[in-house]
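Raw contents of coords_35.txt, compact mmCIF, C-alpha atoms:
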```
# COMPACT_ATOMS: atom_id res chain seq x y z
CA MET A 1136 112.10 104.27 111.54
CA SER A 1137 113.59 103.58 108.22
CA CYS A 1138 114.31 106.30 105.67
CA ASN A 1139 116.01 106.56 102.28
CA PHE A 1140 119.47 105.09 102.42
CA SER A 1141 122.48 106.19 100.47
CA THR A 1142 124.69 103.17 99.75
CA SER A 1143 127.76 105.24 99.01
CA ALA A 1144 130.72 104.20 101.12
CA GLY A 1145 133.17 107.01 101.01
CA ASN A 1146 136.09 107.69 103.34
CA ASP A 1147 134.57 109.03 106.54
CA ASN A 1148 137.75 109.62 108.50
CA SER A 1149 137.85 112.72 110.64
CA PRO A 1150 141.08 114.80 110.78
CA GLY A 1151 143.94 113.16 112.63
CA GLN A 1152 142.91 109.55 111.96
CA ASP A 1153 146.02 108.52 110.03
CA SER A 1154 146.29 105.26 111.96
CA ILE A 1155 143.18 103.81 110.30
CA PRO A 1156 143.83 101.46 107.32
CA ASP A 1157 143.66 103.10 103.92
CA THR A 1158 140.70 101.30 102.39
CA LEU A 1159 137.17 101.18 103.73
CA ALA A 1160 136.92 97.47 102.91
CA GLN A 1161 139.87 96.71 105.21
CA ARG A 1162 138.37 98.75 108.01
CA LEU A 1163 134.92 97.18 107.72
CA SER A 1164 136.41 93.67 107.59
CA GLU A 1165 138.48 94.38 110.70
CA LEU A 1166 135.47 95.83 112.50
CA GLU A 1167 133.21 92.90 111.58
CA SER A 1168 135.67 90.34 112.92
CA ARG A 1169 135.93 91.90 116.38
CA PRO A 1170 133.57 91.34 119.34
CA ALA A 1171 131.74 94.30 120.85
CA TYR A 1172 134.38 94.98 123.50
CA CYS A 1173 137.20 94.91 120.92
CA ILE A 1174 135.95 97.53 118.46
CA SER A 1175 138.61 99.77 119.86
CA ALA A 1176 141.22 97.70 121.63
CA MET A 1177 142.73 100.79 123.23
CA SER A 1178 139.48 102.27 124.48
CA SER A 1179 137.06 99.47 125.38
CA PRO A 1180 134.78 100.12 128.36
CA SER A 1181 136.30 99.26 131.71
CA ASN A 1182 133.23 97.35 132.90
CA VAL A 1183 133.57 94.66 130.19
CA ASP A 1184 135.31 91.44 131.14
CA PRO A 1185 137.72 90.63 128.28
CA ASP A 1186 137.80 86.96 129.29
CA ARG A 1187 134.09 86.60 128.79
CA LYS A 1188 133.05 85.68 125.26
CA GLN A 1189 130.42 88.12 124.01
CA PRO A 1190 128.61 88.43 120.68
CA LYS A 1191 129.94 90.98 118.24
CA LEU A 1192 128.32 94.38 118.45
CA LEU A 1193 126.93 94.25 114.93
CA ASP A 1194 125.51 90.79 115.62
CA GLN A 1195 123.77 92.26 118.66
CA VAL A 1196 122.31 94.95 116.41
CA ARG A 1197 121.10 92.37 113.89
CA SER A 1198 119.51 90.26 116.63
CA ALA A 1199 117.69 93.28 118.09
CA ILE A 1200 116.40 94.27 114.64
CA ARG A 1201 115.16 90.77 113.84
CA LEU A 1202 113.51 90.49 117.24
CA ARG A 1203 111.39 93.52 116.29
CA HIS A 1204 110.65 92.16 112.79
CA TYR A 1205 112.23 95.05 110.94
CA SER A 1206 112.85 94.49 107.24
CA ILE A 1207 116.11 93.20 105.81
CA ARG A 1208 116.61 96.63 104.21
CA THR A 1209 116.36 98.36 107.57
CA GLU A 1210 118.82 95.86 108.99
CA GLU A 1211 121.35 96.45 106.21
CA ALA A 1212 120.98 100.23 106.47
CA TYR A 1213 121.30 100.39 110.27
CA VAL A 1214 124.32 98.10 110.36
CA GLN A 1215 126.04 100.17 107.68
CA TRP A 1216 125.44 103.46 109.50
CA ILE A 1217 126.65 102.06 112.82
CA ARG A 1218 129.82 100.82 111.12
CA ARG A 1219 130.48 104.21 109.58
CA TYR A 1220 129.81 105.99 112.87
CA ILE A 1221 132.35 103.85 114.74
CA LEU A 1222 134.97 104.14 112.03
CA PHE A 1223 134.49 107.89 111.80
CA HIS A 1224 135.45 108.16 115.48
CA ASN A 1225 138.58 106.04 115.09
CA LYS A 1226 136.91 102.82 116.34
CA ARG A 1227 136.04 104.13 119.77
CA HIS A 1228 133.43 102.04 121.57
CA PRO A 1229 129.92 103.56 121.26
CA LEU A 1230 129.48 103.36 125.05
CA GLU A 1231 132.25 105.93 125.39
CA MET A 1232 130.47 108.31 123.04
CA GLY A 1233 127.18 110.17 123.11
CA SER A 1234 125.27 113.09 121.68
CA LEU A 1235 128.43 115.14 121.00
CA GLU A 1236 129.93 112.43 118.81
CA ILE A 1237 126.60 111.74 117.13
CA ASN A 1238 126.16 115.41 116.23
CA ARG A 1239 129.72 115.54 114.94
CA PHE A 1240 129.07 112.54 112.70
CA LEU A 1241 125.78 113.96 111.43
CA SER A 1242 127.41 117.32 110.75
CA HIS A 1243 130.05 115.50 108.71
CA LEU A 1244 127.30 113.82 106.66
CA ALA A 1245 125.48 117.11 106.09
CA SER A 1246 128.42 119.42 105.38
CA GLY A 1247 131.08 116.99 104.18
CA LYS A 1248 129.02 114.43 102.29
CA HIS A 1249 126.08 116.73 101.43
CA VAL A 1250 123.54 113.95 102.06
CA ALA A 1251 119.80 114.57 101.89
CA SER A 1252 117.88 115.28 105.09
CA SER A 1253 116.14 111.89 104.89
CA THR A 1254 119.52 110.14 104.66
CA GLN A 1255 120.83 112.11 107.63
CA ASN A 1256 117.75 111.25 109.67
CA GLN A 1257 118.09 107.57 108.77
CA ALA A 1258 121.64 107.61 110.11
CA LEU A 1259 120.34 109.19 113.30
CA CYS A 1260 117.59 106.55 113.54
CA ALA A 1261 120.25 103.85 113.37
CA LEU A 1262 122.35 105.45 116.10
CA VAL A 1263 119.38 106.08 118.38
CA PHE A 1264 118.45 102.41 117.93
CA LEU A 1265 122.00 101.40 118.80
CA TYR A 1266 122.06 103.39 122.04
CA LYS A 1267 118.49 102.90 123.24
CA VAL A 1268 117.84 99.30 122.24
CA VAL A 1269 121.21 97.56 121.95
CA LEU A 1270 123.43 99.37 124.45
CA HIS A 1271 120.61 100.53 126.79
CA LYS A 1272 122.23 103.90 127.24
CA ASP A 1273 120.22 106.60 128.98
CA PRO A 1274 118.09 108.30 126.29
CA GLY A 1275 118.55 111.58 128.14
CA ASP A 1276 122.09 111.69 126.76
CA LEU A 1277 120.62 112.09 123.28
CA ALA A 1278 118.25 114.93 124.10
CA ASP A 1279 120.24 117.57 122.23
CA VAL A 1280 120.67 115.58 119.02
CA VAL A 1281 119.32 117.59 116.09
CA TRP A 1282 117.01 116.02 113.51
CA ALA A 1283 117.32 117.38 109.98
CA LYS A 1284 114.28 119.26 108.71
CA LYS A 1285 112.71 117.37 105.84
CA PRO A 1286 111.71 119.64 102.94
CA LYS A 1287 108.06 119.67 101.89
CA LYS A 1288 107.87 118.78 98.22
CA LEU A 1289 104.96 118.25 95.88
CA PRO A 1290 104.88 114.83 94.23
CA VAL A 1291 105.71 114.45 90.55
CA VAL A 1292 102.55 113.60 88.61
CA LEU A 1293 102.19 112.57 84.97
CA THR A 1294 99.34 113.62 82.74
CA ARG A 1295 97.09 110.90 81.35
CA GLU A 1296 98.86 111.16 77.99
CA GLU A 1297 102.29 110.89 79.62
CA THR A 1298 101.15 107.92 81.70
CA LYS A 1299 99.88 106.13 78.60
CA ALA A 1300 103.12 106.81 76.74
CA LEU A 1301 105.20 105.60 79.69
CA LEU A 1302 103.27 102.35 80.15
CA SER A 1303 103.34 101.60 76.44
CA GLY A 1304 107.14 101.64 76.66
CA LEU A 1305 107.16 98.72 79.13
CA GLU A 1306 107.16 95.06 78.08
CA ASP A 1307 106.24 91.64 79.47
CA GLU A 1308 105.99 91.42 83.28
CA LYS A 1309 107.29 94.97 83.61
CA TRP A 1310 104.22 96.19 81.72
CA ILE A 1311 102.00 94.27 84.16
CA MET A 1312 103.84 95.71 87.18
CA GLY A 1313 103.66 99.24 85.79
CA ASN A 1314 99.91 98.94 85.26
CA LEU A 1315 99.48 97.59 88.80
CA LEU A 1316 101.32 100.58 90.21
CA TYR A 1317 99.14 102.96 88.21
CA GLY A 1318 95.84 101.05 88.12
CA ALA A 1319 95.88 99.84 91.74
CA GLY A 1320 97.99 102.50 93.43
CA LEU A 1321 100.57 99.99 94.65
CA ARG A 1322 103.94 100.99 96.00
CA LEU A 1323 106.93 99.46 94.26
CA MET A 1324 107.74 96.86 96.92
CA GLU A 1325 104.05 96.04 97.46
CA CYS A 1326 103.90 95.06 93.81
CA ILE A 1327 107.23 93.20 93.85
CA ARG A 1328 106.19 91.17 96.92
CA LEU A 1329 102.75 90.13 95.71
CA ARG A 1330 101.87 86.46 96.36
CA VAL A 1331 99.66 84.35 94.11
CA LYS A 1332 97.03 83.94 96.85
CA ASP A 1333 96.59 87.72 97.17
CA VAL A 1334 95.38 88.23 93.59
CA ASP A 1335 91.62 87.63 93.43
CA PHE A 1336 90.45 87.41 89.81
CA GLY A 1337 86.87 86.60 90.85
CA TYR A 1338 86.35 89.80 92.81
CA ARG A 1339 88.90 91.70 90.69
CA GLN A 1340 90.84 92.89 93.68
CA ILE A 1341 94.30 92.67 95.24
CA VAL A 1342 94.99 92.20 98.93
CA VAL A 1343 98.15 94.05 99.91
CA ARG A 1344 99.79 92.32 102.87
CA ASN A 1345 102.15 94.05 105.29
CA GLY A 1346 102.20 97.33 103.42
CA LYS A 1347 103.84 100.44 104.78
CA GLY A 1348 103.44 100.43 108.56
CA GLU A 1349 102.63 96.68 108.41
CA LYS A 1350 99.04 97.46 107.35
CA ASP A 1351 96.90 95.33 105.03
CA ARG A 1352 94.49 96.83 102.53
CA VAL A 1353 92.35 95.88 99.56
CA THR A 1354 92.59 97.65 96.22
CA MET A 1355 91.20 97.06 92.74
CA LEU A 1356 92.68 94.77 90.09
CA PRO A 1357 92.82 96.76 86.82
CA ALA A 1358 90.78 95.07 84.09
CA CYS A 1359 93.49 95.63 81.48
CA VAL A 1360 95.97 93.38 83.30
CA ILE A 1361 93.70 90.43 84.07
CA LYS A 1362 94.36 88.39 80.95
CA PRO A 1363 98.11 89.22 80.68
CA LEU A 1364 98.50 88.47 84.39
CA GLN A 1365 96.75 85.11 84.08
CA GLU A 1366 99.03 84.17 81.18
CA HIS A 1367 102.04 85.32 83.20
CA LEU A 1368 101.03 83.14 86.15
CA VAL A 1369 100.88 80.08 83.88
CA GLU A 1370 104.57 80.61 83.10
CA VAL A 1371 105.38 81.25 86.76
CA LYS A 1372 103.65 78.03 87.79
CA ALA A 1373 105.66 76.06 85.24
CA LEU A 1374 108.83 77.61 86.68
CA HIS A 1375 107.73 76.65 90.19
CA GLU A 1376 107.04 73.05 89.16
CA ARG A 1377 110.48 72.86 87.58
CA ASP A 1378 112.02 74.07 90.84
CA LEU A 1379 110.09 71.42 92.75
CA GLY A 1380 111.40 68.77 90.39
CA GLU A 1381 114.95 69.93 91.10
CA GLY A 1382 114.48 69.71 94.87
CA PHE A 1383 113.76 73.39 95.49
CA GLY A 1384 110.50 75.33 95.07
CA ASN A 1385 110.26 76.75 98.60
CA VAL A 1386 109.74 80.45 99.18
CA TYR A 1387 110.33 82.82 102.11
CA LEU A 1388 107.43 83.03 104.56
CA PRO A 1389 107.08 85.90 107.04
CA CYS A 1390 107.37 85.55 110.81
CA ALA A 1391 106.85 82.01 112.12
CA LEU A 1392 104.62 80.71 109.33
CA GLU A 1393 107.28 78.21 108.26
CA ARG A 1394 106.96 76.50 111.65
CA LYS A 1395 103.18 76.84 111.82
CA TYR A 1396 102.67 75.54 108.26
CA PRO A 1397 105.72 73.32 107.53
CA HIS A 1398 104.86 72.69 103.87
CA ALA A 1399 103.31 76.04 102.96
CA ASP A 1400 106.58 77.42 101.56
CA ARG A 1401 106.36 74.92 98.67
CA GLU A 1402 102.68 75.53 97.89
CA TRP A 1403 101.69 77.40 94.76
CA ALA A 1404 99.50 79.91 96.61
CA TRP A 1405 102.48 81.31 98.54
CA GLN A 1406 104.76 81.83 95.54
CA TYR A 1407 105.67 85.31 94.35
CA VAL A 1408 103.72 86.66 91.37
CA PHE A 1409 106.92 88.19 90.02
CA PRO A 1410 109.74 85.75 90.86
CA SER A 1411 113.40 86.25 90.10
CA ARG A 1412 114.82 84.43 87.09
CA LYS A 1413 117.52 82.88 89.25
CA ARG A 1414 117.52 81.24 92.64
CA SER A 1415 119.59 82.86 95.37
CA VAL A 1416 120.72 82.19 98.94
CA ASP A 1417 118.67 83.89 101.64
CA PRO A 1418 121.10 86.13 103.61
CA ARG A 1419 119.39 85.37 106.93
CA THR A 1420 118.62 81.64 106.70
CA HIS A 1421 121.27 80.71 104.09
CA ILE A 1422 118.66 78.61 102.26
CA GLU A 1423 118.68 78.61 98.46
CA ARG A 1424 115.31 79.87 97.24
CA ARG A 1425 113.68 81.73 94.38
CA HIS A 1426 113.10 85.22 95.69
CA HIS A 1427 110.96 87.93 94.10
CA ILE A 1428 112.28 89.98 91.21
CA ASP A 1429 114.70 92.76 92.16
CA GLU A 1430 113.10 96.19 92.29
CA THR A 1431 115.87 97.70 90.17
CA VAL A 1432 114.52 95.77 87.18
CA LEU A 1433 111.34 97.85 87.15
CA GLN A 1434 113.16 101.04 88.15
CA ARG A 1435 115.48 100.80 85.16
CA ALA A 1436 112.62 99.87 82.82
CA VAL A 1437 110.52 102.86 83.91
CA LYS A 1438 113.41 105.28 83.47
CA GLU A 1439 114.13 103.91 80.01
CA ALA A 1440 110.44 104.10 79.04
CA ALA A 1441 110.30 107.73 80.24
CA ARG A 1442 113.38 108.54 78.16
CA LYS A 1443 111.86 107.00 75.02
CA ALA A 1444 108.58 108.85 75.66
CA ARG A 1445 110.58 112.09 75.98
CA ILE A 1446 109.13 112.85 79.39
CA THR A 1447 111.29 115.53 81.00
CA LYS A 1448 109.90 115.07 84.52
CA LEU A 1449 111.88 113.13 87.11
CA VAL A 1450 110.17 109.76 86.70
CA GLY A 1451 110.42 106.63 88.83
CA PRO A 1452 107.97 103.80 89.62
CA HIS A 1453 106.42 105.71 92.55
CA VAL A 1454 105.31 108.45 90.15
CA LEU A 1455 102.69 106.01 88.85
CA ARG A 1456 101.14 105.79 92.34
CA HIS A 1457 101.08 109.60 92.55
CA SER A 1458 99.43 109.75 89.14
CA PHE A 1459 96.85 107.13 90.20
CA ALA A 1460 95.72 109.26 93.15
CA THR A 1461 95.74 112.54 91.24
CA HIS A 1462 93.78 111.19 88.28
CA LEU A 1463 91.14 109.71 90.62
CA LEU A 1464 90.63 113.09 92.27
CA GLU A 1465 90.65 114.74 88.88
CA ALA A 1466 87.83 112.42 87.80
CA GLY A 1467 85.75 113.53 90.77
CA HIS A 1468 86.25 110.64 93.21
CA ASP A 1469 85.85 111.39 96.91
CA ILE A 1470 89.10 112.10 98.76
CA ARG A 1471 88.17 109.62 101.50
CA THR A 1472 87.89 106.87 98.91
CA VAL A 1473 91.31 107.74 97.54
CA GLN A 1474 92.69 107.81 101.09
CA GLU A 1475 91.38 104.29 101.70
CA LEU A 1476 92.81 102.97 98.43
CA LEU A 1477 96.21 104.46 99.21
CA ARG A 1478 95.91 103.44 102.87
CA HIS A 1479 97.00 106.81 104.20
CA GLU A 1480 96.70 107.11 107.97
CA ASP A 1481 95.79 110.81 107.78
CA VAL A 1482 93.67 112.44 105.09
CA LYS A 1483 96.15 115.34 105.13
CA THR A 1484 98.62 113.06 103.35
CA THR A 1485 96.06 112.44 100.60
CA MET A 1486 95.22 116.13 100.35
CA ILE A 1487 98.65 116.88 98.94
CA TYR A 1488 97.29 115.69 95.59
CA THR A 1489 94.68 118.45 95.67
CA HIS A 1490 97.59 120.91 95.71
CA VAL A 1491 98.99 119.20 92.64
CA LEU A 1492 95.67 119.73 90.85
CA ASN A 1493 95.43 123.36 92.04
CA LYS A 1494 92.24 123.84 90.07
CA GLY A 1495 91.52 127.16 91.72
CA GLY A 1496 94.59 128.72 90.13
CA TRP A 1497 93.68 127.51 86.66
CA GLU A 1498 90.62 129.77 86.58
CA TYR A 1499 92.77 132.89 86.43
CA ARG A 1500 94.60 134.16 83.40
CA ALA A 1501 98.15 135.42 83.57
CA PRO A 1502 98.39 139.23 83.79
CA PRO A 1503 98.68 140.90 80.36
CA THR A 1504 102.11 141.91 79.11
CA GLY A 1505 103.02 145.08 77.23
CA SER A 1506 102.66 143.32 73.90
CA ASP A 1507 98.99 142.36 74.56
```
Take the structure in the file and give it back as structure tokens.
Amino acid sequence: MSCNFSTSAGNDNSPGQDSIPDTLAQRLSELESRPAYCISAMSSPSNVDPDRKQPKLLDQVRSAIRLRHYSIRTEEAYVQWIRRYILFHNKRHPLEMGSLEINRFLSHLASGKHVASSTQNQALCALVFLYKVVLHKDPGDLADVVWAKKPKKLPVVLTREETKALLSGLEDEKWIMGNLLYGAGLRLMECIRLRVKDVDFGYRQIVVRNGKGEKDRVTMLPACVIKPLQEHLVEVKALHERDLGEGFGNVYLPCALERKYPHADREWAWQYVFPSRKRSVDPRTHIERRHHIDETVLQRAVKEAARKARITKLVGPHVLRHSFATHLLEAGHDIRTVQELLRHEDVKTTMIYTHVLNKGGWEYRAPPTGSD
């Protein structure tokens, strides 16, 4: 249900909302501190007992998201959209609103904020989740909500020469990550979240755990990164041992593995291949740990490498995955094999790279001009 999320936090007041505090920070702070029935003190639902202590609405949203094992990014995005929706309607309680108010908010995002269709649909996903899952409002009330039409775009693909120039502009662990994205077809976060145990040097393969759609898959380990990656892991292990000596060294484990394997979070096999340089406090458990490297590190490095290589295409880390698939098809590999490596549910998703190649059109010459 998650989509691209715009983190911009502009003023989303609708006309006639002069009573709302001037700054968004003040409004969000006020909203966060109130329980669900006090989001709008003047318009709380009549069936709520004000003497009964209830969890805050946003805490209810967080609990429902965590119960369904959605990612922390989905949680942050949904909570932010629900906040903005309530504030846009002058802090009215969501139970008093429905499809009319949702459409009004989405129209404001589309026409007033000019957000992309994926951003608009993510906001709608958050609100549908709020009504269906948290508030248990009749889904029939949302029947006339309009989903934005997502444009069909061809992926950006680099030539082999451009790919080589881009990767040569990366250094250290960023070079290793870039080559994993291109040589193994990994998504950005699949690479960032790699664990030591999932890199198999003997079979020269990588096991991707909980990929998109919570699906596992196996892909190849590029030969060019084996030695640099082994040297990198020696440094990572030394860092881990230093953390253990300082009383830390534990890492986040998914689901209930921390209870099932009480000491696994301190074991070397479970550590991230690309850890952060600094320890940080987990926002959910409030435990100080060493998390994986932030994805913006590689994003910035790729953009800078593309600039130095004078590549005029719109380049980001995911372009390397697109290039991986296209170059495999270009080399004559079967589309089903590429589908399996990318772990696409439908071969139609993989076939988009055949449109990028468009070999049939290359056989024709442009029509002659008057000067020919």
Give me the residues near Lys1287 in chain A as a PDB file with C-alpha atoms, keeping the file's coordinate frame, where near means some atom within 12 Å (using all atoms listed in the file) and where sequence neighbours in that chain fewer than 6 positions away do not count.
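That gives us result.pdb:
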```pdb
ATOM      1  CA  SER A1252     117.880 115.280 105.090  1.00  0.00           C
ATOM      2  CA  SER A1253     116.140 111.890 104.890  1.00  0.00           C
ATOM      3  CA  THR A1484      98.620 113.060 103.350  1.00  0.00           C
ATOM      4  CA  ILE A1487      98.650 116.880  98.940  1.00  0.00           C
TER       5      ILE A1487
END
```
Please produce, as a Markdown table, a per-residue contact table for range 1201-1227 of chain A versus range 1389-1410 of chain A (criterion: any atom at most 12 Å away, all atoms listed in the file considered), showing the nearest atom pair and its distance in Å to one decimal, sorted by chain then residue number.
```
| residue | atom | partner | partner_atom | distance |
| --- | --- | --- | --- | --- |
| A:Arg1201 | CA | A:Cys1390 | CA | 9.9 |
| A:Leu1202 | CA | A:Cys1390 | CA | 10.2 |
| A:Arg1203 | CA | A:Cys1390 | CA | 10.5 |
| A:His1204 | CA | A:Cys1390 | CA | 7.6 |
| A:Tyr1205 | CA | A:Cys1390 | CA | 10.7 |
| A:Ser1206 | CA | A:Pro1389 | CA | 10.3 |
| A:Ile1207 | CA | A:Pro1389 | CA | 11.7 |
```
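You will find CA of Glu1480 in chain A at 28.3 Å from CA of Val1250 in chain A.
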Determine, counting only C-alpha atoms, which protein, DNA and RNA residues have an atom within 9 Å of an atom of range 1429-1439 of chain A; residues of the same chain fewer than 5 positions away are not included. Present the result as a PyMOL selection string.
chain A and resi 1301-1302+1304-1306+1309+1312-1313+1323-1324+1327+1410-1411+1444+1449-1452
**Request:** Find the spatial neighbours of Cys1260 in chain A, counting all atoms listed in the file, within a cut-off of 10 Å - ignore same-chain residues fewer than 2 positions away - and output them as a list in words.
**Result:** Met1136, Ser1137, Cys1138, Tyr1213, Trp1216, Thr1254, Gln1255, Asn1256, Gln1257, Ala1258, Leu1262, Val1263, Phe1264, Leu1265 and Trp1282 of chain A
query: What is the distance between CA of Glu1325 in chain A and CA of Pro1363 in chain A, in Å to one decimal?
result: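 Separating CA of Glu1325 in chain A from CA of Pro1363 in chain A is a distance of 19.1 Å.
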Quiz prompt | Residues near Val1214 in chain A, cut-off 9 Å, only C-alpha atoms, skip fewer than 4 positions along chain, as a ChimeraX atom specification | solution = /A:1193,1196-1197,1209-1210,1218-1219,1261
| request: Have a look at CA of Arg1414 in chain A and CA of Leu1316 in chain A and let me know their distance in Å, one decimal. | output: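 According to the coordinates, CA of Arg1414 in chain A and CA of Leu1316 in chain A are separated by 25.3 Å.
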So, counting all atoms listed in the file, which residue among A:Arg1295, A:Ala1460, A:Leu1476, A:Phe1240 is closest to Ile1341 in chain A?
->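 Of A:Arg1295, A:Ala1460, A:Leu1476, A:Phe1240, the one nearest Ile1341 in chain A is A:Leu1476, counting all atoms listed in the file.
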Of A:Asp1351, A:Asp1335, A:Glu1465, A:Glu1296, the one nearest to His1479 in chain A when counting all atoms listed in the file is A:Asp1351
Selection near His1457 in chain A, 9 Å with all atoms listed in the file, sequence-local residues under 4 positions removed, as a list in words:
Pro1290, Val1291, Val1292, Leu1293, Tyr1317, Gly1320, His1453, Thr1461, His1462 and Tyr1488 of chain A
(request) Please identify all polymer residues lying at most 9 Å from the point (90.2, 96.1, 89.6) (file coordinates), using all atoms listed in the file, and present the result as JSON, numbers by chain. (result) {"A": [1318, 1319, 1336, 1338, 1339, 1340, 1341, 1354, 1355, 1356, 1357, 1358, 1359, 1360, 1361]}
Nearest to Leu1374 in chain A: which of A:Ile1470, A:Arg1425, A:Glu1236, A:Asn1225 is it, counting only C-alpha atoms?
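The closest residue to Leu1374 in chain A is A:Arg1425.
Using all atoms listed in the file, the shortest contact distance between Thr1298 in chain A and any of A:Lys1347, A:Lys1284, A:His1249, A:Arg1456 is found at A:Arg1456.
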